[in-house]
file target32.cif (mmCIF, N, CA and C atoms)
data_start
#
loop_
_atom_site.label_atom_id
_atom_site.label_comp_id
_atom_site.auth_asym_id
_atom_site.auth_seq_id
_atom_site.Cartn_x
_atom_site.Cartn_y
_atom_site.Cartn_z
N MET G 5 87.08 -5.31 101.66
CA MET G 5 87.80 -5.02 100.45
C MET G 5 86.76 -4.88 99.33
N ARG G 6 86.74 -3.75 98.67
CA ARG G 6 85.73 -3.52 97.66
C ARG G 6 86.26 -3.66 96.24
N TYR G 7 87.53 -3.78 96.09
CA TYR G 7 88.10 -4.08 94.79
C TYR G 7 88.36 -5.57 94.75
N ARG G 8 88.55 -6.10 93.57
CA ARG G 8 88.81 -7.53 93.46
C ARG G 8 89.96 -7.75 92.50
N LEU G 9 90.95 -8.50 92.94
CA LEU G 9 92.06 -8.89 92.08
C LEU G 9 91.63 -10.14 91.36
N ARG G 10 91.43 -10.02 90.06
CA ARG G 10 90.97 -11.17 89.28
C ARG G 10 92.14 -11.78 88.55
N GLU G 11 92.27 -13.07 88.68
CA GLU G 11 93.33 -13.78 87.98
C GLU G 11 92.82 -14.13 86.59
N ARG G 12 93.39 -13.48 85.61
CA ARG G 12 93.05 -13.78 84.23
C ARG G 12 94.10 -14.74 83.71
N PHE G 13 93.68 -15.78 83.05
CA PHE G 13 94.59 -16.81 82.56
C PHE G 13 95.38 -17.39 83.73
N ALA G 14 94.71 -17.63 84.84
CA ALA G 14 95.38 -18.06 86.07
C ALA G 14 96.14 -19.37 85.84
N ARG G 15 97.35 -19.37 86.33
CA ARG G 15 98.21 -20.55 86.30
C ARG G 15 98.94 -20.62 87.63
N GLU G 16 99.35 -21.78 87.97
CA GLU G 16 100.13 -21.94 89.20
C GLU G 16 101.38 -21.10 89.13
N ASP G 17 102.05 -21.13 88.02
CA ASP G 17 103.27 -20.36 87.87
C ASP G 17 103.43 -20.05 86.39
N GLY G 18 103.24 -18.79 86.03
CA GLY G 18 103.32 -18.39 84.63
C GLY G 18 104.74 -18.36 84.11
N PRO G 19 104.92 -17.89 82.88
CA PRO G 19 106.26 -17.84 82.30
C PRO G 19 107.16 -16.90 83.09
N ARG G 20 108.41 -17.24 83.16
CA ARG G 20 109.37 -16.39 83.85
C ARG G 20 109.56 -15.11 83.06
N ALA G 21 109.99 -14.07 83.74
CA ALA G 21 110.13 -12.77 83.11
C ALA G 21 111.08 -12.80 81.94
N SER G 22 112.15 -13.61 82.02
CA SER G 22 113.11 -13.66 80.93
C SER G 22 112.46 -14.19 79.66
N ASP G 23 111.37 -14.95 79.78
CA ASP G 23 110.62 -15.42 78.62
C ASP G 23 109.79 -14.29 78.03
N SER G 24 109.63 -13.20 78.77
CA SER G 24 108.77 -12.10 78.36
C SER G 24 109.55 -10.90 77.86
N GLY G 25 110.83 -11.03 77.66
CA GLY G 25 111.61 -9.92 77.15
C GLY G 25 112.29 -9.09 78.21
N VAL G 26 112.24 -9.51 79.46
CA VAL G 26 112.92 -8.79 80.53
C VAL G 26 114.41 -9.06 80.40
N PRO G 27 115.26 -8.06 80.63
CA PRO G 27 116.70 -8.29 80.53
C PRO G 27 117.12 -9.50 81.35
N LEU G 28 118.08 -10.24 80.84
CA LEU G 28 118.51 -11.48 81.48
C LEU G 28 119.05 -11.29 82.88
N GLY G 29 119.46 -10.10 83.25
CA GLY G 29 119.99 -9.87 84.59
C GLY G 29 118.94 -10.00 85.68
N TYR G 30 117.67 -9.94 85.33
CA TYR G 30 116.59 -10.04 86.31
C TYR G 30 115.63 -11.12 85.86
N GLU G 31 115.46 -12.12 86.68
CA GLU G 31 114.62 -13.26 86.35
C GLU G 31 113.13 -13.01 86.59
N GLY G 32 112.79 -11.98 87.34
CA GLY G 32 111.39 -11.73 87.64
C GLY G 32 110.88 -12.67 88.72
N VAL G 33 109.57 -12.73 88.86
CA VAL G 33 108.95 -13.57 89.88
C VAL G 33 107.85 -14.39 89.21
N SER G 34 107.35 -15.38 89.91
CA SER G 34 106.24 -16.17 89.39
C SER G 34 105.00 -15.29 89.29
N ARG G 35 104.07 -15.72 88.50
CA ARG G 35 102.82 -14.98 88.36
C ARG G 35 102.12 -14.87 89.72
N ARG G 36 102.11 -15.96 90.47
CA ARG G 36 101.48 -15.93 91.80
C ARG G 36 102.13 -14.87 92.69
N ARG G 37 103.46 -14.81 92.71
CA ARG G 37 104.15 -13.81 93.53
C ARG G 37 103.85 -12.40 93.03
N PHE G 38 103.82 -12.22 91.72
CA PHE G 38 103.49 -10.91 91.16
C PHE G 38 102.11 -10.47 91.65
N GLU G 39 101.15 -11.36 91.60
CA GLU G 39 99.80 -11.03 92.05
C GLU G 39 99.76 -10.74 93.55
N GLU G 40 100.58 -11.44 94.33
CA GLU G 40 100.68 -11.14 95.76
C GLU G 40 101.19 -9.73 95.98
N LEU G 41 102.19 -9.31 95.19
CA LEU G 41 102.73 -7.96 95.31
C LEU G 41 101.70 -6.91 94.90
N VAL G 42 100.89 -7.23 93.90
CA VAL G 42 99.80 -6.32 93.51
C VAL G 42 98.80 -6.19 94.66
N ALA G 43 98.43 -7.31 95.26
CA ALA G 43 97.49 -7.28 96.39
C ALA G 43 98.07 -6.49 97.56
N GLU G 44 99.37 -6.65 97.84
CA GLU G 44 100.02 -5.86 98.90
C GLU G 44 99.96 -4.37 98.59
N ALA G 45 100.20 -4.01 97.34
CA ALA G 45 100.16 -2.60 96.95
C ALA G 45 98.75 -2.04 97.13
N LEU G 46 97.75 -2.80 96.75
CA LEU G 46 96.38 -2.35 96.94
C LEU G 46 96.04 -2.22 98.42
N ASP G 47 96.42 -3.21 99.20
CA ASP G 47 96.12 -3.19 100.63
C ASP G 47 96.84 -2.06 101.37
N SER G 48 97.93 -1.58 100.81
CA SER G 48 98.69 -0.51 101.47
C SER G 48 98.15 0.89 101.17
N LEU G 49 97.16 0.97 100.30
CA LEU G 49 96.55 2.27 100.02
C LEU G 49 95.85 2.79 101.27
N PRO G 50 95.76 4.10 101.43
CA PRO G 50 95.09 4.66 102.61
C PRO G 50 93.64 4.16 102.71
N ARG G 51 93.17 4.07 103.93
CA ARG G 51 91.81 3.56 104.20
C ARG G 51 90.76 4.35 103.42
N TRP G 52 90.90 5.68 103.37
CA TRP G 52 89.89 6.49 102.68
C TRP G 52 89.85 6.17 101.19
N VAL G 53 90.98 5.76 100.62
CA VAL G 53 91.00 5.35 99.21
C VAL G 53 90.28 4.02 99.06
N LEU G 54 90.60 3.07 99.92
CA LEU G 54 90.00 1.74 99.84
C LEU G 54 88.48 1.79 100.01
N THR G 55 87.98 2.68 100.86
CA THR G 55 86.54 2.74 101.06
C THR G 55 85.82 3.29 99.83
N ARG G 56 86.50 4.07 99.01
CA ARG G 56 85.90 4.61 97.78
C ARG G 56 86.11 3.72 96.56
N LEU G 57 87.01 2.78 96.65
CA LEU G 57 87.39 1.93 95.52
C LEU G 57 86.33 0.84 95.34
N GLU G 58 85.22 1.21 94.71
CA GLU G 58 84.10 0.30 94.54
C GLU G 58 83.93 -0.06 93.07
N ASN G 59 83.46 -1.28 92.84
CA ASN G 59 83.16 -1.77 91.49
C ASN G 59 84.39 -1.69 90.58
N VAL G 60 85.51 -2.18 91.10
CA VAL G 60 86.77 -2.17 90.35
C VAL G 60 87.39 -3.56 90.41
N GLU G 61 87.80 -4.06 89.26
CA GLU G 61 88.56 -5.30 89.21
C GLU G 61 89.99 -4.96 88.80
N VAL G 62 90.93 -5.59 89.46
CA VAL G 62 92.34 -5.40 89.13
C VAL G 62 92.81 -6.66 88.41
N LEU G 63 93.34 -6.47 87.22
CA LEU G 63 93.77 -7.58 86.37
C LEU G 63 95.27 -7.54 86.18
N VAL G 64 95.86 -8.69 85.97
CA VAL G 64 97.26 -8.80 85.60
C VAL G 64 97.31 -9.48 84.25
N GLU G 65 97.87 -8.80 83.28
CA GLU G 65 98.09 -9.36 81.95
C GLU G 65 99.59 -9.57 81.78
N ASP G 66 99.96 -10.58 81.01
CA ASP G 66 101.38 -10.83 80.79
C ASP G 66 102.06 -9.74 79.99
N ARG G 67 101.38 -9.22 78.97
CA ARG G 67 101.97 -8.23 78.08
C ARG G 67 100.99 -7.09 77.82
N PRO G 68 101.52 -5.90 77.51
CA PRO G 68 100.64 -4.79 77.15
C PRO G 68 100.06 -5.01 75.75
N PRO G 69 99.07 -4.23 75.37
CA PRO G 69 98.50 -4.35 74.03
C PRO G 69 99.54 -4.05 72.95
N ARG G 70 99.34 -4.63 71.79
CA ARG G 70 100.23 -4.35 70.66
C ARG G 70 100.26 -2.86 70.40
N GLY G 71 101.45 -2.38 70.08
CA GLY G 71 101.60 -0.96 69.77
C GLY G 71 101.83 -0.10 71.00
N GLU G 72 101.80 -0.68 72.20
CA GLU G 72 102.03 0.08 73.43
C GLU G 72 103.03 -0.67 74.31
N PRO G 73 104.23 -0.92 73.80
CA PRO G 73 105.18 -1.80 74.49
C PRO G 73 105.68 -1.27 75.84
N GLY G 74 105.58 0.02 76.10
CA GLY G 74 106.07 0.56 77.36
C GLY G 74 105.00 0.77 78.41
N LEU G 75 103.76 0.36 78.13
CA LEU G 75 102.64 0.60 79.03
C LEU G 75 102.75 -0.27 80.29
N LEU G 76 102.71 0.36 81.45
CA LEU G 76 102.79 -0.35 82.73
C LEU G 76 101.40 -0.75 83.23
N GLY G 77 100.42 0.11 83.02
CA GLY G 77 99.08 -0.17 83.50
C GLY G 77 98.07 0.70 82.79
N ARG G 78 96.78 0.36 82.98
CA ARG G 78 95.71 1.14 82.37
C ARG G 78 94.46 1.05 83.23
N TYR G 79 93.83 2.22 83.41
CA TYR G 79 92.51 2.28 84.05
C TYR G 79 91.48 2.40 82.95
N HIS G 80 90.41 1.61 83.05
CA HIS G 80 89.33 1.70 82.09
C HIS G 80 88.02 1.71 82.88
N GLY G 81 87.26 2.76 82.71
CA GLY G 81 85.99 2.82 83.42
C GLY G 81 85.45 4.23 83.50
N ILE G 82 84.57 4.43 84.45
CA ILE G 82 83.94 5.72 84.68
C ILE G 82 84.52 6.29 85.98
N PRO G 83 85.37 7.33 85.87
CA PRO G 83 85.97 7.89 87.08
C PRO G 83 84.90 8.42 88.05
N LEU G 84 85.24 8.45 89.31
CA LEU G 84 84.29 8.93 90.33
C LEU G 84 83.76 10.32 90.01
N THR G 85 84.60 11.17 89.43
CA THR G 85 84.19 12.54 89.12
C THR G 85 83.12 12.60 88.04
N GLU G 86 82.91 11.51 87.30
CA GLU G 86 81.91 11.50 86.22
C GLU G 86 80.68 10.67 86.57
N ARG G 87 80.64 10.13 87.77
CA ARG G 87 79.49 9.32 88.17
C ARG G 87 78.41 10.22 88.77
N ASP G 88 77.18 9.86 88.49
CA ASP G 88 76.07 10.60 89.07
C ASP G 88 75.04 9.62 89.62
N GLY G 89 73.87 10.10 89.94
CA GLY G 89 72.83 9.28 90.54
C GLY G 89 72.35 8.15 89.65
N ARG G 90 72.65 8.22 88.36
CA ARG G 90 72.23 7.16 87.44
C ARG G 90 73.27 6.05 87.33
N TYR G 91 74.38 6.16 88.06
CA TYR G 91 75.43 5.15 87.99
C TYR G 91 74.98 3.91 88.74
N ALA G 92 74.54 2.92 88.01
CA ALA G 92 74.08 1.65 88.62
C ALA G 92 74.04 0.58 87.54
N GLY G 93 74.26 -0.64 87.95
CA GLY G 93 74.14 -1.76 87.04
C GLY G 93 75.17 -1.78 85.93
N VAL G 94 76.33 -1.20 86.17
CA VAL G 94 77.38 -1.16 85.14
C VAL G 94 78.43 -2.21 85.44
N LEU G 95 79.12 -2.62 84.40
CA LEU G 95 80.23 -3.56 84.59
C LEU G 95 81.31 -2.89 85.42
N PRO G 96 82.13 -3.68 86.11
CA PRO G 96 83.20 -3.08 86.92
C PRO G 96 84.21 -2.33 86.07
N ASP G 97 84.74 -1.26 86.64
CA ASP G 97 85.92 -0.61 86.06
C ASP G 97 87.06 -1.61 86.17
N THR G 98 88.09 -1.41 85.36
CA THR G 98 89.25 -2.29 85.46
C THR G 98 90.53 -1.48 85.58
N ILE G 99 91.43 -2.01 86.36
CA ILE G 99 92.81 -1.55 86.41
C ILE G 99 93.63 -2.75 85.97
N THR G 100 94.35 -2.59 84.87
CA THR G 100 95.15 -3.69 84.34
C THR G 100 96.62 -3.35 84.49
N LEU G 101 97.37 -4.28 85.07
CA LEU G 101 98.82 -4.14 85.20
C LEU G 101 99.47 -5.10 84.22
N TYR G 102 100.51 -4.62 83.52
CA TYR G 102 101.18 -5.41 82.50
C TYR G 102 102.50 -5.93 83.05
N ARG G 103 102.50 -7.20 83.34
CA ARG G 103 103.59 -7.84 84.08
C ARG G 103 104.95 -7.71 83.40
N SER G 104 105.05 -8.02 82.11
CA SER G 104 106.37 -8.01 81.45
C SER G 104 106.97 -6.61 81.45
N THR G 105 106.14 -5.60 81.22
CA THR G 105 106.63 -4.22 81.18
C THR G 105 107.07 -3.76 82.57
N ILE G 106 106.28 -4.10 83.57
CA ILE G 106 106.63 -3.72 84.94
C ILE G 106 107.92 -4.42 85.37
N GLU G 107 108.06 -5.70 85.06
CA GLU G 107 109.29 -6.41 85.44
C GLU G 107 110.50 -5.85 84.70
N ARG G 108 110.31 -5.48 83.45
CA ARG G 108 111.42 -4.89 82.69
C ARG G 108 111.85 -3.55 83.30
N GLU G 109 110.90 -2.78 83.74
CA GLU G 109 111.18 -1.48 84.37
C GLU G 109 111.85 -1.65 85.73
N ALA G 110 111.49 -2.72 86.45
CA ALA G 110 111.92 -2.90 87.84
C ALA G 110 113.39 -3.26 87.98
N ARG G 111 113.87 -4.19 87.22
CA ARG G 111 115.26 -4.65 87.25
C ARG G 111 115.62 -5.57 88.42
N ASP G 112 114.94 -5.46 89.58
CA ASP G 112 115.21 -6.35 90.71
C ASP G 112 113.96 -6.43 91.59
N ASP G 113 113.99 -7.28 92.63
CA ASP G 113 112.80 -7.50 93.45
C ASP G 113 112.34 -6.25 94.19
N ASP G 114 113.27 -5.47 94.74
CA ASP G 114 112.89 -4.23 95.42
C ASP G 114 112.27 -3.24 94.44
N GLY G 115 112.88 -3.15 93.27
CA GLY G 115 112.34 -2.28 92.24
C GLY G 115 110.96 -2.74 91.78
N LEU G 116 110.77 -4.05 91.73
CA LEU G 116 109.48 -4.59 91.33
C LEU G 116 108.38 -4.14 92.28
N ARG G 117 108.64 -4.25 93.56
CA ARG G 117 107.66 -3.81 94.56
C ARG G 117 107.34 -2.32 94.39
N ARG G 118 108.38 -1.50 94.14
CA ARG G 118 108.17 -0.06 93.97
C ARG G 118 107.39 0.26 92.69
N VAL G 119 107.74 -0.40 91.59
CA VAL G 119 107.05 -0.11 90.33
C VAL G 119 105.59 -0.57 90.39
N ILE G 120 105.34 -1.71 91.00
CA ILE G 120 103.95 -2.16 91.15
C ILE G 120 103.17 -1.16 91.99
N ALA G 121 103.72 -0.75 93.12
CA ALA G 121 103.02 0.19 94.00
C ALA G 121 102.75 1.51 93.27
N HIS G 122 103.75 2.01 92.57
CA HIS G 122 103.58 3.29 91.85
C HIS G 122 102.52 3.15 90.76
N THR G 123 102.53 2.04 90.03
CA THR G 123 101.56 1.83 88.95
C THR G 123 100.14 1.71 89.52
N VAL G 124 100.00 0.98 90.62
CA VAL G 124 98.68 0.88 91.26
C VAL G 124 98.20 2.26 91.68
N GLU G 125 99.06 3.04 92.34
CA GLU G 125 98.68 4.39 92.78
C GLU G 125 98.29 5.26 91.59
N HIS G 126 99.04 5.17 90.51
CA HIS G 126 98.78 5.96 89.32
C HIS G 126 97.41 5.62 88.72
N GLU G 127 97.13 4.34 88.59
CA GLU G 127 95.85 3.94 87.99
C GLU G 127 94.68 4.23 88.92
N VAL G 128 94.88 4.09 90.22
CA VAL G 128 93.83 4.45 91.17
C VAL G 128 93.56 5.96 91.10
N ALA G 129 94.59 6.75 90.87
CA ALA G 129 94.39 8.19 90.70
C ALA G 129 93.44 8.47 89.53
N HIS G 130 93.58 7.72 88.44
CA HIS G 130 92.66 7.88 87.32
C HIS G 130 91.24 7.50 87.71
N PHE G 131 91.07 6.49 88.55
CA PHE G 131 89.75 6.12 89.07
C PHE G 131 89.11 7.32 89.79
N PHE G 132 89.95 8.10 90.47
CA PHE G 132 89.46 9.28 91.17
C PHE G 132 89.31 10.49 90.25
N GLY G 133 89.60 10.31 88.96
CA GLY G 133 89.42 11.40 88.00
C GLY G 133 90.63 12.29 87.82
N ILE G 134 91.78 11.88 88.31
CA ILE G 134 92.99 12.69 88.19
C ILE G 134 93.67 12.34 86.87
N SER G 135 93.89 13.34 86.03
CA SER G 135 94.47 13.12 84.70
C SER G 135 95.98 12.97 84.77
N ASP G 136 96.56 12.49 83.68
CA ASP G 136 98.02 12.41 83.58
C ASP G 136 98.64 13.80 83.71
N ASP G 137 98.02 14.80 83.09
CA ASP G 137 98.55 16.17 83.20
C ASP G 137 98.59 16.63 84.65
N ARG G 138 97.52 16.38 85.38
CA ARG G 138 97.48 16.78 86.79
C ARG G 138 98.51 15.99 87.61
N LEU G 139 98.67 14.71 87.32
CA LEU G 139 99.69 13.92 88.02
C LEU G 139 101.09 14.49 87.76
N ARG G 140 101.33 14.93 86.52
CA ARG G 140 102.63 15.57 86.21
C ARG G 140 102.81 16.85 87.01
N GLU G 141 101.75 17.67 87.08
CA GLU G 141 101.81 18.92 87.87
C GLU G 141 102.11 18.63 89.33
N MET G 142 101.61 17.54 89.84
CA MET G 142 101.82 17.15 91.24
C MET G 142 103.13 16.42 91.43
N ASP G 143 103.87 16.23 90.34
CA ASP G 143 105.13 15.47 90.36
C ASP G 143 104.88 14.05 90.87
N ALA G 144 103.75 13.50 90.44
CA ALA G 144 103.37 12.14 90.86
C ALA G 144 103.17 11.23 89.66
N TYR G 145 103.68 11.64 88.51
CA TYR G 145 103.51 10.81 87.32
C TYR G 145 104.54 9.74 87.34
#

call {"tool": "encode", "arguments": {"input": "target32.cif", "output": "structure tokens"}}
result
Amino acid sequence: MRYRLRERFAREDGPRASDSGVPLGYEGVSRRRFEELVAEALDSLPRWVLTRLENVEVLVEDRPPRGEPGLLGRYHGIPLTERDGRYAGVLPDTITLYRSTIEREARDDDGLRRVIAHTVEHEVAHFFGISDDRLREMDAY
């Protein structure tokens, strides 16, 4: 495994989703379970994707940044398409998933698994240099 799921603000069991603004009809899951679902989504990516996914940390934040309340995830780094022979000694790229937003979008446990998987795939696409416009063209946004 060449990516690493890093627990930021790790706790045994973080705040419940209803504490994060998720509709009361869905209680969400513990932080530990959420991170397990993220790891499952990463592990389910095709082998050829996993072998290229180098120098990437996957983070889970409770909330998206201020001013971006609907953000599910974000890739930050140097996409593979922009790396050259001088790419060395750099900090890891990051893929950040925003737990409260994803849980709000999901509505139930099955939906949560789907939204996490879709968000992981979307952000990994950015790692490969695929833009939002191209994802829309591919009907994969």

call {"tool": "resolve_selection", "arguments": {"input": "target32.cif", "expression": "the PyMOL selection byres (((chain G and resi 145 and name CA) around 12) and name CA)", "output": "ChimeraX atom specification"}}
result
/G:119,122-127,129-130,134-144

call {"tool": "residues_around", "arguments": {"input": "target32.cif", "residues": "Leu41 of chain G", "least_positions_apart": "3", "cutoff": "9 Å", "atoms": "only C-alpha atoms", "output": "list in words"}}
result
Arg36, Arg37, Phe38, Glu44, Ala45, Leu46, Leu116, Arg117, Ile120 and Ala121 of chain G

call {"tool": "write_last_selection", "arguments": {"input": "target32.cif", "atoms": "N, CA and C atoms", "output": "compact mmCIF listing (two decimals), keeping the file's coordinate frame"}}
result
# COMPACT_ATOMS: atom_id res chain seq x y z
N ARG G 36 102.11 -15.96 90.47
CA ARG G 36 101.48 -15.93 91.80
C ARG G 36 102.13 -14.87 92.69
N ARG G 37 103.46 -14.81 92.71
CA ARG G 37 104.15 -13.81 93.53
C ARG G 37 103.85 -12.40 93.03
N PHE G 38 103.82 -12.22 91.72
CA PHE G 38 103.49 -10.91 91.16
C PHE G 38 102.11 -10.47 91.65
N GLU G 44 99.37 -6.65 97.84
CA GLU G 44 100.02 -5.86 98.90
C GLU G 44 99.96 -4.37 98.59
N ALA G 45 100.20 -4.01 97.34
CA ALA G 45 100.16 -2.60 96.95
C ALA G 45 98.75 -2.04 97.13
N LEU G 46 97.75 -2.80 96.75
CA LEU G 46 96.38 -2.35 96.94
C LEU G 46 96.04 -2.22 98.42
N LEU G 116 110.77 -4.05 91.73
CA LEU G 116 109.48 -4.59 91.33
C LEU G 116 108.38 -4.14 92.28
N ARG G 117 108.64 -4.25 93.56
CA ARG G 117 107.66 -3.81 94.56
C ARG G 117 107.34 -2.32 94.39
N ILE G 120 105.34 -1.71 91.00
CA ILE G 120 103.95 -2.16 91.15
C ILE G 120 103.17 -1.16 91.99
N ALA G 121 103.72 -0.75 93.12
CA ALA G 121 103.02 0.19 94.00
C ALA G 121 102.75 1.51 93.27

call {"tool": "closest_residue", "arguments": {"input": "target32.cif", "among": "G:Arg90, G:His80, G:Arg108, G:Arg56", "to": "Tyr30 of chain G", "atoms": "only C-alpha atoms"}}
result
G:Arg108

call {"tool": "closest_residue", "arguments": {"input": "target32.cif", "among": "G:Tyr102, G:Val128, G:Glu107, G:Glu65", "to": "Gly77 of chain G", "atoms": "only C-alpha atoms"}}
result
G:Tyr102

call {"tool": "select_by_dssp", "arguments": {"input": "target32.cif", "residues": "chain G", "states": "strand (DSSP E)", "output": "short mmCIF file (atom, residue, chain, number, x, y, z; two decimals) with N, CA and C atoms, in the coordinates of the input"}}
result
data_model
loop_
_atom_site.label_atom_id
_atom_site.label_comp_id
_atom_site.auth_asym_id
_atom_site.auth_seq_id
_atom_site.Cartn_x
_atom_site.Cartn_y
_atom_site.Cartn_z
N TYR G 7 87.53 -3.78 96.09
CA TYR G 7 88.10 -4.08 94.79
C TYR G 7 88.36 -5.57 94.75
N ARG G 8 88.55 -6.10 93.57
CA ARG G 8 88.81 -7.53 93.46
C ARG G 8 89.96 -7.75 92.50
N LEU G 9 90.95 -8.50 92.94
CA LEU G 9 92.06 -8.89 92.08
C LEU G 9 91.63 -10.14 91.36
N ARG G 10 91.43 -10.02 90.06
CA ARG G 10 90.97 -11.17 89.28
C ARG G 10 92.14 -11.78 88.55
N VAL G 60 85.51 -2.18 91.10
CA VAL G 60 86.77 -2.17 90.35
C VAL G 60 87.39 -3.56 90.41
N GLU G 61 87.80 -4.06 89.26
CA GLU G 61 88.56 -5.30 89.21
C GLU G 61 89.99 -4.96 88.80
N VAL G 62 90.93 -5.59 89.46
CA VAL G 62 92.34 -5.40 89.13
C VAL G 62 92.81 -6.66 88.41
N LEU G 63 93.34 -6.47 87.22
CA LEU G 63 93.77 -7.58 86.37
C LEU G 63 95.27 -7.54 86.18
N VAL G 64 95.86 -8.69 85.97
CA VAL G 64 97.26 -8.80 85.60
C VAL G 64 97.31 -9.48 84.25
N GLU G 65 97.87 -8.80 83.28
CA GLU G 65 98.09 -9.36 81.95
C GLU G 65 99.59 -9.57 81.78
N GLY G 77 100.42 0.11 83.02
CA GLY G 77 99.08 -0.17 83.50
C GLY G 77 98.07 0.70 82.79
N ARG G 78 96.78 0.36 82.98
CA ARG G 78 95.71 1.14 82.37
C ARG G 78 94.46 1.05 83.23
N TYR G 79 93.83 2.22 83.41
CA TYR G 79 92.51 2.28 84.05
C TYR G 79 91.48 2.40 82.95
N HIS G 80 90.41 1.61 83.05
CA HIS G 80 89.33 1.70 82.09
C HIS G 80 88.02 1.71 82.88
N ASP G 97 84.74 -1.26 86.64
CA ASP G 97 85.92 -0.61 86.06
C ASP G 97 87.06 -1.61 86.17
N THR G 98 88.09 -1.41 85.36
CA THR G 98 89.25 -2.29 85.46
C THR G 98 90.53 -1.48 85.58
N ILE G 99 91.43 -2.01 86.36
CA ILE G 99 92.81 -1.55 86.41
C ILE G 99 93.63 -2.75 85.97
N THR G 100 94.35 -2.59 84.87
CA THR G 100 95.15 -3.69 84.34
C THR G 100 96.62 -3.35 84.49
N LEU G 101 97.37 -4.28 85.07
CA LEU G 101 98.82 -4.14 85.20
C LEU G 101 99.47 -5.10 84.22
N TYR G 102 100.51 -4.62 83.52
CA TYR G 102 101.18 -5.41 82.50
C TYR G 102 102.50 -5.93 83.05
#

call {"tool": "closest_residue", "arguments": {"input": "target32.cif", "among": "G:Ser104, G:Ile99, G:Gly93, G:Val62", "to": "Tyr79 of chain G", "atoms": "all atoms listed in the file"}}
result
G:Ile99

call {"tool": "closest_residue", "arguments": {"input": "target32.cif", "among": "G:Leu75, G:Leu54, G:Leu63, G:Val33", "to": "Ile106 of chain G", "atoms": "all atoms listed in the file"}}
result
G:Leu75

call {"tool": "select_by_dssp", "arguments": {"input": "target32.cif", "residues": "segment 20-83 of chain G", "states": "alpha helix (DSSP H)", "output": "PyMOL selection string"}}
result
chain G and resi 35-47+51-56

call {"tool": "residues_near_point", "arguments": {"input": "target32.cif", "point": "(81.8, 1.7, 89.5)", "cutoff": "6 Å", "atoms": "only N, CA and C atoms", "output": "list of chain:residue names"}}
result
G:Glu58, G:Asn59, G:Val60, G:Pro96, G:Asp97

call {"tool": "atom_distance", "arguments": {"input": "target32.cif", "atom1": "atom CA of Ile82 of chain G", "atom2": "atom CA of Pro69 of chain G"}}
result
20.7 Å

call {"tool": "atom_distance", "arguments": {"input": "target32.cif", "atom1": "atom CA of Arg35 of chain G", "atom2": "atom CA of Leu76 of chain G"}}
result
15.7 Å
